[in-house]
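J.: File final21.pdb below, PDB, C-alpha atoms (C1' of nucleotides):
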```pdb
ATOM      1  CA  MET R   1     125.599 109.810 117.610
ATOM      2  CA  THR R   2     124.170 107.894 120.568
ATOM      3  CA  THR R   3     120.666 107.598 119.139
ATOM      4  CA  CYS R   4     119.508 108.096 115.590
ATOM      5  CA  ARG R   5     116.066 108.667 114.082
ATOM      6  CA  ILE R   6     115.548 107.747 110.438
ATOM      7  CA  ALA R   7     112.404 108.285 108.389
ATOM      8  CA  THR R   8     110.853 108.025 104.942
ATOM      9  CA  TRP R   9     108.037 110.024 103.323
ATOM     10  CA  ASN R  10     106.567 110.063  99.846
ATOM     11  CA  VAL R  11     105.636 113.752  99.634
ATOM     12  CA  ASN R  12     103.873 113.664  96.218
ATOM     13  CA  SER R  13     105.535 116.916  95.025
ATOM     14  CA  LEU R  14     108.025 118.643  97.286
ATOM     15  CA  ASN R  15     106.972 121.923  95.679
ATOM     16  CA  VAL R  16     103.519 121.542  97.228
ATOM     17  CA  ARG R  17     104.591 119.779 100.420
ATOM     18  CA  LEU R  18     107.689 121.750 101.513
ATOM     19  CA  PRO R  19     105.747 123.548 104.293
ATOM     20  CA  HIS R  20     104.580 120.190 105.658
ATOM     21  CA  VAL R  21     108.122 118.809 105.524
ATOM     22  CA  LEU R  22     109.572 121.832 107.336
ATOM     23  CA  ASP R  23     106.879 121.667 110.027
ATOM     24  CA  TRP R  24     107.339 117.921 110.422
ATOM     25  CA  VAL R  25     111.140 117.918 110.783
ATOM     26  CA  ALA R  26     110.849 120.734 113.335
ATOM     27  CA  VAL R  27     108.681 118.461 115.498
ATOM     28  CA  GLU R  28     110.134 114.991 114.843
ATOM     29  CA  LYS R  29     113.761 116.043 114.333
ATOM     30  CA  PRO R  30     114.851 113.004 112.306
ATOM     31  CA  ASP R  31     118.589 112.598 111.742
ATOM     32  CA  VAL R  32     117.839 111.208 108.290
ATOM     33  CA  LEU R  33     114.728 111.760 106.159
ATOM     34  CA  CYS R  34     114.307 110.057 102.793
ATOM     35  CA  LEU R  35     111.847 111.702 100.404
ATOM     36  CA  GLN R  36     110.184 110.259  97.309
ATOM     37  CA  GLU R  37     108.239 111.835  94.448
ATOM     38  CA  THR R  38     109.858 115.242  94.763
ATOM     39  CA  LYS R  39     108.879 115.833  91.095
ATOM     40  CA  LEU R  40     111.625 118.456  90.768
ATOM     41  CA  GLU R  41     114.717 118.924  88.654
ATOM     42  CA  ASP R  42     117.843 119.225  90.791
ATOM     43  CA  HIS R  43     118.272 122.957  90.128
ATOM     44  CA  ARG R  44     114.798 123.623  91.561
ATOM     45  CA  PHE R  45     115.342 121.628  94.785
ATOM     46  CA  PRO R  46     114.771 123.800  97.920
ATOM     47  CA  PHE R  47     118.271 123.429  99.406
ATOM     48  CA  GLU R  48     118.187 126.815 101.192
ATOM     49  CA  PRO R  49     115.068 126.441 103.363
ATOM     50  CA  LEU R  50     116.131 122.908 104.283
ATOM     51  CA  ARG R  51     119.614 124.154 105.175
ATOM     52  CA  GLU R  52     118.037 126.788 107.408
ATOM     53  CA  ALA R  53     116.067 123.962 109.047
ATOM     54  CA  GLY R  54     119.366 122.214 109.814
ATOM     55  CA  TYR R  55     119.546 119.655 106.990
ATOM     56  CA  HIS R  56     122.086 118.790 104.359
ATOM     57  CA  ALA R  57     120.347 117.439 101.275
ATOM     58  CA  VAL R  58     121.218 115.348  98.257
ATOM     59  CA  HIS R  59     118.749 114.914  95.425
ATOM     60  CA  SER R  60     118.276 112.946  92.221
ATOM     61  CA  GLY R  61     115.283 114.380  90.438
ATOM     62  CA  GLN R  62     113.558 115.040  87.168
ATOM     63  CA  LYS R  63     110.679 117.123  85.890
ATOM     64  CA  THR R  64     107.101 115.988  86.676
ATOM     65  CA  TYR R  65     107.761 112.423  87.886
ATOM     66  CA  ASN R  66     109.781 110.466  90.446
ATOM     67  CA  GLY R  67     112.669 112.184  92.258
ATOM     68  CA  VAL R  68     114.346 111.063  95.504
ATOM     69  CA  ALA R  69     116.218 112.966  98.201
ATOM     70  CA  ILE R  70     118.107 112.273 101.419
ATOM     71  CA  LEU R  71     118.013 114.965 104.101
ATOM     72  CA  ALA R  72     120.449 114.539 106.974
ATOM     73  CA  LYS R  73     121.810 116.507 109.908
ATOM     74  CA  GLN R  74     125.287 115.226 108.964
ATOM     75  CA  PRO R  75     126.386 115.629 105.336
ATOM     76  CA  PRO R  76     125.912 112.369 103.393
ATOM     77  CA  THR R  77     129.084 110.960 101.785
ATOM     78  CA  GLY R  78     129.642 108.418  99.044
ATOM     79  CA  VAL R  79     126.441 109.529  97.329
ATOM     80  CA  VAL R  80     125.357 107.367  94.386
ATOM     81  CA  ALA R  81     122.217 107.691  92.261
ATOM     82  CA  GLY R  82     120.503 104.749  90.601
ATOM     83  CA  ILE R  83     120.974 100.977  90.682
ATOM     84  CA  ARG R  84     124.489 100.110  89.504
ATOM     85  CA  GLY R  85     124.318  98.218  86.216
ATOM     86  CA  PHE R  86     120.630  99.038  85.605
ATOM     87  CA  GLU R  87     120.219 101.789  83.028
ATOM     88  CA  ASP R  88     117.145 103.812  83.887
ATOM     89  CA  PRO R  89     116.186 107.420  83.076
ATOM     90  CA  GLN R  90     113.702 107.353  85.985
ATOM     91  CA  ARG R  91     115.158 108.922  89.140
ATOM     92  CA  ARG R  92     114.160 106.380  91.806
ATOM     93  CA  VAL R  93     117.213 105.479  93.885
ATOM     94  CA  LEU R  94     119.706 107.488  95.912
ATOM     95  CA  ALA R  95     122.248 106.104  98.383
ATOM     96  CA  GLY R  96     124.571 107.831 100.800
ATOM     97  CA  THR R  97     126.444 107.263 104.033
ATOM     98  CA  VAL R  98     125.365 109.205 107.130
ATOM     99  CA  GLY R  99     127.594 108.610 110.141
ATOM    100  CA  ASP R 100     128.134 104.849 110.190
ATOM    101  CA  LEU R 101     124.888 104.043 108.376
ATOM    102  CA  ARG R 102     124.503 103.349 104.662
ATOM    103  CA  VAL R 103     121.147 104.830 103.649
ATOM    104  CA  VAL R 104     119.323 103.731 100.495
ATOM    105  CA  CYS R 105     116.308 105.855  99.531
ATOM    106  CA  ALA R 106     114.065 104.247  96.920
ATOM    107  CA  TYR R 107     110.860 105.001  95.054
ATOM    108  CA  PHE R 108     109.768 101.629  93.695
ATOM    109  CA  PRO R 109     107.801 101.583  90.429
ATOM    110  CA  ASN R 110     104.020 101.520  90.763
ATOM    111  CA  GLY R 111     103.477  98.918  88.050
ATOM    112  CA  GLN R 112     100.043 100.259  87.005
ATOM    113  CA  ALA R 113      98.396  96.861  86.387
ATOM    114  CA  VAL R 114      99.498  93.235  86.571
ATOM    115  CA  GLY R 115     100.603  92.141  83.106
ATOM    116  CA  SER R 116     101.180  95.675  81.777
ATOM    117  CA  GLU R 117     104.477  96.941  80.386
ATOM    118  CA  LYS R 118     104.941  98.985  83.569
ATOM    119  CA  TYR R 119     104.455  95.827  85.613
ATOM    120  CA  GLU R 120     107.176  94.056  83.641
ATOM    121  CA  TYR R 121     109.429  97.065  84.255
ATOM    122  CA  LYS R 122     108.601  96.875  87.973
ATOM    123  CA  LEU R 123     109.634  93.203  88.163
ATOM    124  CA  ARG R 124     112.876  93.882  86.238
ATOM    125  CA  TRP R 125     113.578  96.844  88.524
ATOM    126  CA  LEU R 126     112.911  94.715  91.646
ATOM    127  CA  ALA R 127     115.320  92.014  90.446
ATOM    128  CA  ALA R 128     118.021  94.601  89.716
ATOM    129  CA  LEU R 129     117.521  96.239  93.115
ATOM    130  CA  HIS R 130     117.854  92.867  94.847
ATOM    131  CA  ASP R 131     121.101  91.967  93.092
ATOM    132  CA  TRP R 132     122.614  95.415  93.675
ATOM    133  CA  LEU R 133     121.600  95.441  97.356
ATOM    134  CA  SER R 134     123.180  92.050  97.990
ATOM    135  CA  GLU R 135     126.505  93.656  97.026
ATOM    136  CA  GLU R 136     125.778  96.844  98.945
ATOM    137  CA  ILE R 137     125.082  94.934 102.172
ATOM    138  CA  ALA R 138     128.348  93.048 101.752
ATOM    139  CA  ALA R 139     130.163  96.381 101.414
ATOM    140  CA  TRP R 140     128.177  98.159 104.154
ATOM    141  CA  PRO R 141     126.902  95.745 106.837
ATOM    142  CA  ARG R 142     125.092  98.657 108.521
ATOM    143  CA  LEU R 143     122.470  99.440 105.877
ATOM    144  CA  ALA R 144     118.928 100.800 105.872
ATOM    145  CA  LEU R 145     116.577 100.652 102.873
ATOM    146  CA  LEU R 146     113.806 103.236 103.191
ATOM    147  CA  GLY R 147     111.123 104.290 100.778
ATOM    148  CA  ASP R 148     107.868 103.877  98.965
ATOM    149  CA  PHE R 149     108.037 100.205  97.981
ATOM    150  CA  ASN R 150     104.649 100.169  96.224
ATOM    151  CA  ILE R 151     104.238  96.668  97.683
ATOM    152  CA  ALA R 152     101.859  95.622 100.457
ATOM    153  CA  PRO R 153     103.842  92.627 101.764
ATOM    154  CA  GLU R 154     101.018  90.641 103.375
ATOM    155  CA  ASP R 155      97.231  90.564 103.645
ATOM    156  CA  ARG R 156      97.374  92.282 107.038
ATOM    157  CA  ASP R 157      98.857  95.311 105.206
ATOM    158  CA  VAL R 158      95.712  95.696 103.083
ATOM    159  CA  HIS R 159      92.307  97.106 104.150
ATOM    160  CA  ASP R 160      90.409  94.641 101.928
ATOM    161  CA  PRO R 161      92.683  91.676 101.128
ATOM    162  CA  GLU R 162      90.075  89.856  99.048
ATOM    163  CA  ALA R 163      89.386  92.857  96.820
ATOM    164  CA  TRP R 164      93.131  93.416  96.345
ATOM    165  CA  ARG R 165      94.089  89.743  95.912
ATOM    166  CA  GLY R 166      96.433  89.417  92.937
ATOM    167  CA  GLN R 167      96.065  93.115  92.089
ATOM    168  CA  ILE R 168      98.883  95.599  91.584
ATOM    169  CA  LEU R 169     100.861  96.269  94.798
ATOM    170  CA  CYS R 170      99.661  92.906  96.172
ATOM    171  CA  SER R 171     100.441  90.369  93.436
ATOM    172  CA  GLU R 172     102.422  87.279  94.367
ATOM    173  CA  PRO R 173     105.480  88.168  92.218
ATOM    174  CA  GLU R 174     105.671  91.573  93.946
ATOM    175  CA  ARG R 175     105.320  89.986  97.385
ATOM    176  CA  GLN R 176     107.954  87.409  96.477
ATOM    177  CA  ALA R 177     110.304  90.246  95.495
ATOM    178  CA  PHE R 178     109.700  91.840  98.901
ATOM    179  CA  ARG R 179     110.494  88.516 100.617
ATOM    180  CA  SER R 180     113.667  88.256  98.534
ATOM    181  CA  LEU R 181     114.812  91.564 100.042
ATOM    182  CA  VAL R 182     114.015  90.192 103.506
ATOM    183  CA  ASP R 183     116.025  87.089 102.605
ATOM    184  CA  LEU R 184     119.076  89.332 102.160
ATOM    185  CA  GLY R 185     118.831  89.831 105.921
ATOM    186  CA  LEU R 186     116.818  93.043 105.735
ATOM    187  CA  GLN R 187     114.150  93.137 108.445
ATOM    188  CA  ASP R 188     110.862  95.025 108.183
ATOM    189  CA  ALA R 189     111.353  97.417 111.114
ATOM    190  CA  PHE R 190     107.627  98.114 111.548
ATOM    191  CA  ARG R 191     106.765  94.425 111.977
ATOM    192  CA  ARG R 192     109.353  94.046 114.729
ATOM    193  CA  PHE R 193     106.981  96.065 116.908
ATOM    194  CA  GLU R 194     103.489  95.862 115.385
ATOM    195  CA  ALA R 195     101.762  92.594 114.460
ATOM    196  CA  GLY R 196      98.284  93.992 113.868
ATOM    197  CA  ALA R 197      96.230  94.593 110.746
ATOM    198  CA  GLY R 198      94.703  97.917 109.717
ATOM    199  CA  LEU R 199      97.933  99.899 110.024
ATOM    200  CA  PHE R 200      98.628 101.745 106.771
ATOM    201  CA  SER R 201     100.980 104.313 105.217
ATOM    202  CA  TRP R 202      98.928 105.267 102.142
ATOM    203  CA  TRP R 203      95.274 106.127 101.601
ATOM    204  CA  ASP R 204      93.666 107.088  98.283
ATOM    205  CA  TYR R 205      92.666 110.744  97.931
ATOM    206  CA  ARG R 206      89.242 109.608  96.750
ATOM    207  CA  GLN R 207      86.231 108.215  98.607
ATOM    208  CA  ALA R 208      87.313 109.719 101.952
ATOM    209  CA  ALA R 209      89.680 106.748 102.158
ATOM    210  CA  PHE R 210      91.772 108.178 105.000
ATOM    211  CA  ARG R 211      88.787 108.968 107.209
ATOM    212  CA  ARG R 212      87.513 105.424 106.632
ATOM    213  CA  ASN R 213      91.039 103.936 107.021
ATOM    214  CA  LEU R 214      90.861 102.286 103.596
ATOM    215  CA  GLY R 215      94.597 102.085 103.067
ATOM    216  CA  LEU R 216      97.663 100.031 102.333
ATOM    217  CA  ARG R 217     101.034  99.683 104.070
ATOM    218  CA  ILE R 218     103.432 100.222 101.172
ATOM    219  CA  ASP R 219     106.093 102.519 102.710
ATOM    220  CA  HIS R 220     108.752 100.589 104.563
ATOM    221  CA  ILE R 221     112.030 100.692 106.473
ATOM    222  CA  LEU R 222     114.178  97.560 106.052
ATOM    223  CA  LEU R 223     117.233  97.168 108.261
ATOM    224  CA  SER R 224     120.307  94.951 107.993
ATOM    225  CA  PRO R 225     120.950  92.703 111.038
ATOM    226  CA  PRO R 226     123.189  94.985 113.143
ATOM    227  CA  VAL R 227     120.903  97.965 112.504
ATOM    228  CA  SER R 228     117.755  95.970 113.192
ATOM    229  CA  ALA R 229     119.267  94.780 116.463
ATOM    230  CA  ALA R 230     119.708  98.433 117.470
ATOM    231  CA  CYS R 231     116.180  99.482 116.450
ATOM    232  CA  THR R 232     114.082 100.483 119.467
ATOM    233  CA  GLY R 233     110.843 101.393 117.707
ATOM    234  CA  CYS R 234     109.090 101.993 114.399
ATOM    235  CA  ARG R 235     105.832 103.796 113.724
ATOM    236  CA  ILE R 236     103.734 105.391 111.015
ATOM    237  CA  ASP R 237     102.949 109.044 111.766
ATOM    238  CA  THR R 238      99.440 109.743 110.486
ATOM    239  CA  ALA R 239      99.436 113.361 111.725
ATOM    240  CA  PRO R 240     100.576 114.922 108.407
ATOM    241  CA  ARG R 241      97.860 112.999 106.540
ATOM    242  CA  ARG R 242      95.260 115.001 108.513
ATOM    243  CA  LEU R 243      96.593 118.410 107.374
ATOM    244  CA  GLU R 244      95.118 120.589 104.649
ATOM    245  CA  ARG R 245      96.287 119.477 101.202
ATOM    246  CA  PRO R 246      98.233 116.445 102.468
ATOM    247  CA  SER R 247     100.414 113.932 100.700
ATOM    248  CA  ASP R 248      98.526 110.675 100.203
ATOM    249  CA  HIS R 249     101.391 108.939 102.097
ATOM    250  CA  ALA R 250     102.307 109.206 105.785
ATOM    251  CA  PRO R 251     105.896 109.239 107.091
ATOM    252  CA  VAL R 252     107.394 106.067 108.589
ATOM    253  CA  VAL R 253     109.878 106.601 111.438
ATOM    254  CA  ALA R 254     112.398 104.272 113.089
ATOM    255  CA  ASP R 255     114.588 104.932 116.124
ATOM    256  CA  LEU R 256     118.037 103.366 116.466
ATOM    257  CA  ALA R 257     119.912 103.071 119.749
TER     258      ALA R 257
ATOM    259  C1'  DA Y   1      80.633 102.479  87.633
ATOM    260  C1'  DT Y   2      87.938 101.295  85.039
ATOM    261  C1'  DG Y   3      84.649 106.108  88.093
ATOM    262  C1'  DG Y   4      85.902 108.514  92.547
ATOM    263  C1'  DC Y   5      91.191 112.977  93.821
ATOM    264  C1'  DT Y   6      95.722 115.213  93.211
ATOM    265  C1'  DT Y   7      99.752 116.887  90.678
ATOM    266  C1'  DG Y   8     102.282 118.746  86.733
ATOM    267  C1'  DA Y   9     102.262 120.031  82.198
ATOM    268  C1'  DG Y  10     100.345 124.384  80.308
ATOM    269  C1'  DT Y  11      95.791 127.378  79.320
ATOM    270  C1'  DG Y  12      92.580 122.577  77.412
ATOM    271  C1'  DT Y  13      92.778 118.436  79.021
ATOM    272  C1'  DC Y  14      95.511 114.486  79.720
ATOM    273  C1'  DA Y  15      99.009 111.113  81.972
ATOM    274  C1'  DA Y  16     100.136 109.029  86.115
ATOM    275  C1'  DG Y  17      99.703 107.680  90.577
ATOM    276  C1'  DA Y  18      98.226 103.286  93.880
TER     277       DA Y  18
END
```
Can the structure in the file be given as structure tokens, please?
T.:
Amino acid sequence: MTTCRIATWNVNSLNVRLPHVLDWVAVEKPDVLCLQETKLEDHRFPFEPLREAGYHAVHSGQKTYNGVAILAKQPPTGVVAGIRGFEDPQRRVLAGTVGDLRVVCAYFPNGQAVGSEKYEYKLRWLAALHDWLSEEIAAWPRLALLGDFNIAPEDRDVHDPEAWRGQILCSEPERQAFRSLVDLGLQDAFRRFEAGAGLFSWWDYRQAAFRRNLGLRIDHILLSPPVSAACTGCRIDTAPRRLERPSDHAPVVADLA
DNA sequence: ATGGCTTGAGTGTCAAGA
């Protein structure tokens, strides 16, 4: 393919959000769309309507929580679920090759609160992801990591940095883990094009947070060097967040030459 | 104000998200 559009979207239940997804892919026509929080077992995944919309899909899901999918115009090959060597019943990672691009779709743990058991799990998960990805990049130099990272990398990614300082999604160990991924050579596609503050991918359902733009930038697209070099743009599409009964996350889109 | 919405489970009310 001469140009390629890749995207990521935490849909917060694909059961509820399938109409939004179908409408969105009809307009934006991504070649690859990574989904998080499908909250579906594999046998309930809506393969048929997505096929009719022109997408092959692979899914690693479970009841109620988590669940990740890769939709692609070309059928993904070499599909692997999970982080190799990290036993985890939570369905958070799915990788596959689309064309000449290795795509890793990830739903990072939330962590609940700094110091909690879930936070410790998040840090262990982040370390395992880092070590696995270092091998993946060696095997596939053209790699994209897309997903809900549940990390706001810097203060400019937070509506109220002082209120969030040291809190979950913003703590220094989480931000260090994000930088460790960048140190593997993975570039934050959005920040190649946008330096400003106040640009977010998630807004709380409560307190009219979206209308007031009280959000965080926690959904990201990280690109290995040859892919980053070919990236011509990256944006957050806030249009679906304005719809009736929206996901609390907006899609992030990157275009590759 | 540890609240404020939303979803899935399951049919009363809680866990979890971020």
J.: Name the residues that the PyMOL selection byres ((chain Y) within 8 of (chain R)) pulls out of this structure, and write them as a list of chain:residue names.
T.: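 That selection, the PyMOL selection byres ((chain Y) within 8 of (chain R)), comes back as Y:DG4, Y:DC5, Y:DT6, Y:DT7, Y:DG8, Y:DA9, Y:DG17, Y:DA18.
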J.: Given only C-alpha atoms as the basis, pick out the residue of R:Cys105, R:Leu243, R:Ala209, R:Leu181 nearest to R:Val21.
T.: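 Of R:Cys105, R:Leu243, R:Ala209, R:Leu181, the one nearest R:Val21, counting only C-alpha atoms, is R:Leu243.
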J.: What is the atom CA of R:Leu199-atom CA of R:Arg217 distance in Å, reported with one decimal?
T.: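 According to the coordinates, atom CA of R:Leu199 and atom CA of R:Arg217 are separated by 6.7 Å.
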J.: Between atom CA of R:Leu133 and atom CA of R:Gly96, what is the distance in Å, rounded to a tenth?
T.: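 Atom CA of R:Leu133 sits 13.2 Å away from atom CA of R:Gly96.
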J.: Could you check the closest approach to R:Thr8 for each of R:Ala195, R:Ala128, R:Leu184, R:Val253 and tell me which residue wins, using only C-alpha atoms?
T.: R:Val253
J.: Any idea what the distance is between atom CA of R:Pro161 and atom CA of R:Arg241?
T.: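 Interatomic distance, atom CA of R:Pro161 to atom CA of R:Arg241: 22.6 Å.
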J.: Can you give me, as a PDB file with C-alpha atoms, keeping the file's coordinate frame, the residues this file yields under the PyMOL selection byres ((chain R and resi 93) around 12)?
T.:
```
ATOM      1  CA  CYS R  34     114.307 110.057 102.793  1.00  0.00           C
ATOM      2  CA  LEU R  35     111.847 111.702 100.404  1.00  0.00           C
ATOM      3  CA  GLN R  36     110.184 110.259  97.309  1.00  0.00           C
ATOM      4  CA  GLU R  37     108.239 111.835  94.448  1.00  0.00           C
ATOM      5  CA  VAL R  58     121.218 115.348  98.257  1.00  0.00           C
ATOM      6  CA  HIS R  59     118.749 114.914  95.425  1.00  0.00           C
ATOM      7  CA  SER R  60     118.276 112.946  92.221  1.00  0.00           C
ATOM      8  CA  GLY R  61     115.283 114.380  90.438  1.00  0.00           C
ATOM      9  CA  ASN R  66     109.781 110.466  90.446  1.00  0.00           C
ATOM     10  CA  GLY R  67     112.669 112.184  92.258  1.00  0.00           C
ATOM     11  CA  VAL R  68     114.346 111.063  95.504  1.00  0.00           C
ATOM     12  CA  ALA R  69     116.218 112.966  98.201  1.00  0.00           C
ATOM     13  CA  ILE R  70     118.107 112.273 101.419  1.00  0.00           C
ATOM     14  CA  VAL R  79     126.441 109.529  97.329  1.00  0.00           C
ATOM     15  CA  VAL R  80     125.357 107.367  94.386  1.00  0.00           C
ATOM     16  CA  ALA R  81     122.217 107.691  92.261  1.00  0.00           C
ATOM     17  CA  GLY R  82     120.503 104.749  90.601  1.00  0.00           C
ATOM     18  CA  ILE R  83     120.974 100.977  90.682  1.00  0.00           C
ATOM     19  CA  ARG R  84     124.489 100.110  89.504  1.00  0.00           C
ATOM     20  CA  PHE R  86     120.630  99.038  85.605  1.00  0.00           C
ATOM     21  CA  GLU R  87     120.219 101.789  83.028  1.00  0.00           C
ATOM     22  CA  ASP R  88     117.145 103.812  83.887  1.00  0.00           C
ATOM     23  CA  PRO R  89     116.186 107.420  83.076  1.00  0.00           C
ATOM     24  CA  GLN R  90     113.702 107.353  85.985  1.00  0.00           C
ATOM     25  CA  ARG R  91     115.158 108.922  89.140  1.00  0.00           C
ATOM     26  CA  ARG R  92     114.160 106.380  91.806  1.00  0.00           C
ATOM     27  CA  LEU R  94     119.706 107.488  95.912  1.00  0.00           C
ATOM     28  CA  ALA R  95     122.248 106.104  98.383  1.00  0.00           C
ATOM     29  CA  GLY R  96     124.571 107.831 100.800  1.00  0.00           C
ATOM     30  CA  VAL R 103     121.147 104.830 103.649  1.00  0.00           C
ATOM     31  CA  VAL R 104     119.323 103.731 100.495  1.00  0.00           C
ATOM     32  CA  CYS R 105     116.308 105.855  99.531  1.00  0.00           C
ATOM     33  CA  ALA R 106     114.065 104.247  96.920  1.00  0.00           C
ATOM     34  CA  TYR R 107     110.860 105.001  95.054  1.00  0.00           C
ATOM     35  CA  PHE R 108     109.768 101.629  93.695  1.00  0.00           C
ATOM     36  CA  PRO R 109     107.801 101.583  90.429  1.00  0.00           C
ATOM     37  CA  TRP R 125     113.578  96.844  88.524  1.00  0.00           C
ATOM     38  CA  LEU R 126     112.911  94.715  91.646  1.00  0.00           C
ATOM     39  CA  ALA R 128     118.021  94.601  89.716  1.00  0.00           C
ATOM     40  CA  LEU R 129     117.521  96.239  93.115  1.00  0.00           C
ATOM     41  CA  TRP R 132     122.614  95.415  93.675  1.00  0.00           C
ATOM     42  CA  LEU R 133     121.600  95.441  97.356  1.00  0.00           C
ATOM     43  CA  LEU R 145     116.577 100.652 102.873  1.00  0.00           C
ATOM     44  CA  LEU R 146     113.806 103.236 103.191  1.00  0.00           C
ATOM     45  CA  GLY R 147     111.123 104.290 100.778  1.00  0.00           C
ATOM     46  CA  ASP R 148     107.868 103.877  98.965  1.00  0.00           C
ATOM     47  CA  PHE R 149     108.037 100.205  97.981  1.00  0.00           C
TER      48      PHE R 149
END
```
J.: Name all residues at most 7 Å from R:Ala250 (count all atoms listed in the file; drop same-chain ones fewer than 2 positions away) and give them as a list in words.
T.: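 Residues meeting the cut-off are Trp9, Ser201, Trp202, Ile236, Asp237, Thr238, Pro240, Arg241, Asp248 and Val252 of chain R.
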J.: Report as a list in words the residues that result from applying the PyMOL selection byres ((chain R and resi 190) around 8) to the structure here.
T.: Asp188, Ala189, Arg191, Arg192, Phe193, Glu194, His220, Ile221, Gly233, Cys234, Arg235 and Ala254 of chain R
J.: Please produce a file of those selected residues containing C-alpha atoms, as an mmCIF file, in the coordinates of the input.
T.:
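And here is the file that came out, result18.cif:
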```cif
data_model
loop_
_atom_site.group_PDB
_atom_site.id
_atom_site.type_symbol
_atom_site.label_atom_id
_atom_site.label_comp_id
_atom_site.auth_asym_id
_atom_site.auth_seq_id
_atom_site.Cartn_x
_atom_site.Cartn_y
_atom_site.Cartn_z
ATOM 1 C CA ASP R 188 110.862 95.025 108.183
ATOM 2 C CA ALA R 189 111.353 97.417 111.114
ATOM 3 C CA ARG R 191 106.765 94.425 111.977
ATOM 4 C CA ARG R 192 109.353 94.046 114.729
ATOM 5 C CA PHE R 193 106.981 96.065 116.908
ATOM 6 C CA GLU R 194 103.489 95.862 115.385
ATOM 7 C CA HIS R 220 108.752 100.589 104.563
ATOM 8 C CA ILE R 221 112.030 100.692 106.473
ATOM 9 C CA GLY R 233 110.843 101.393 117.707
ATOM 10 C CA CYS R 234 109.090 101.993 114.399
ATOM 11 C CA ARG R 235 105.832 103.796 113.724
ATOM 12 C CA ALA R 254 112.398 104.272 113.089
#
```
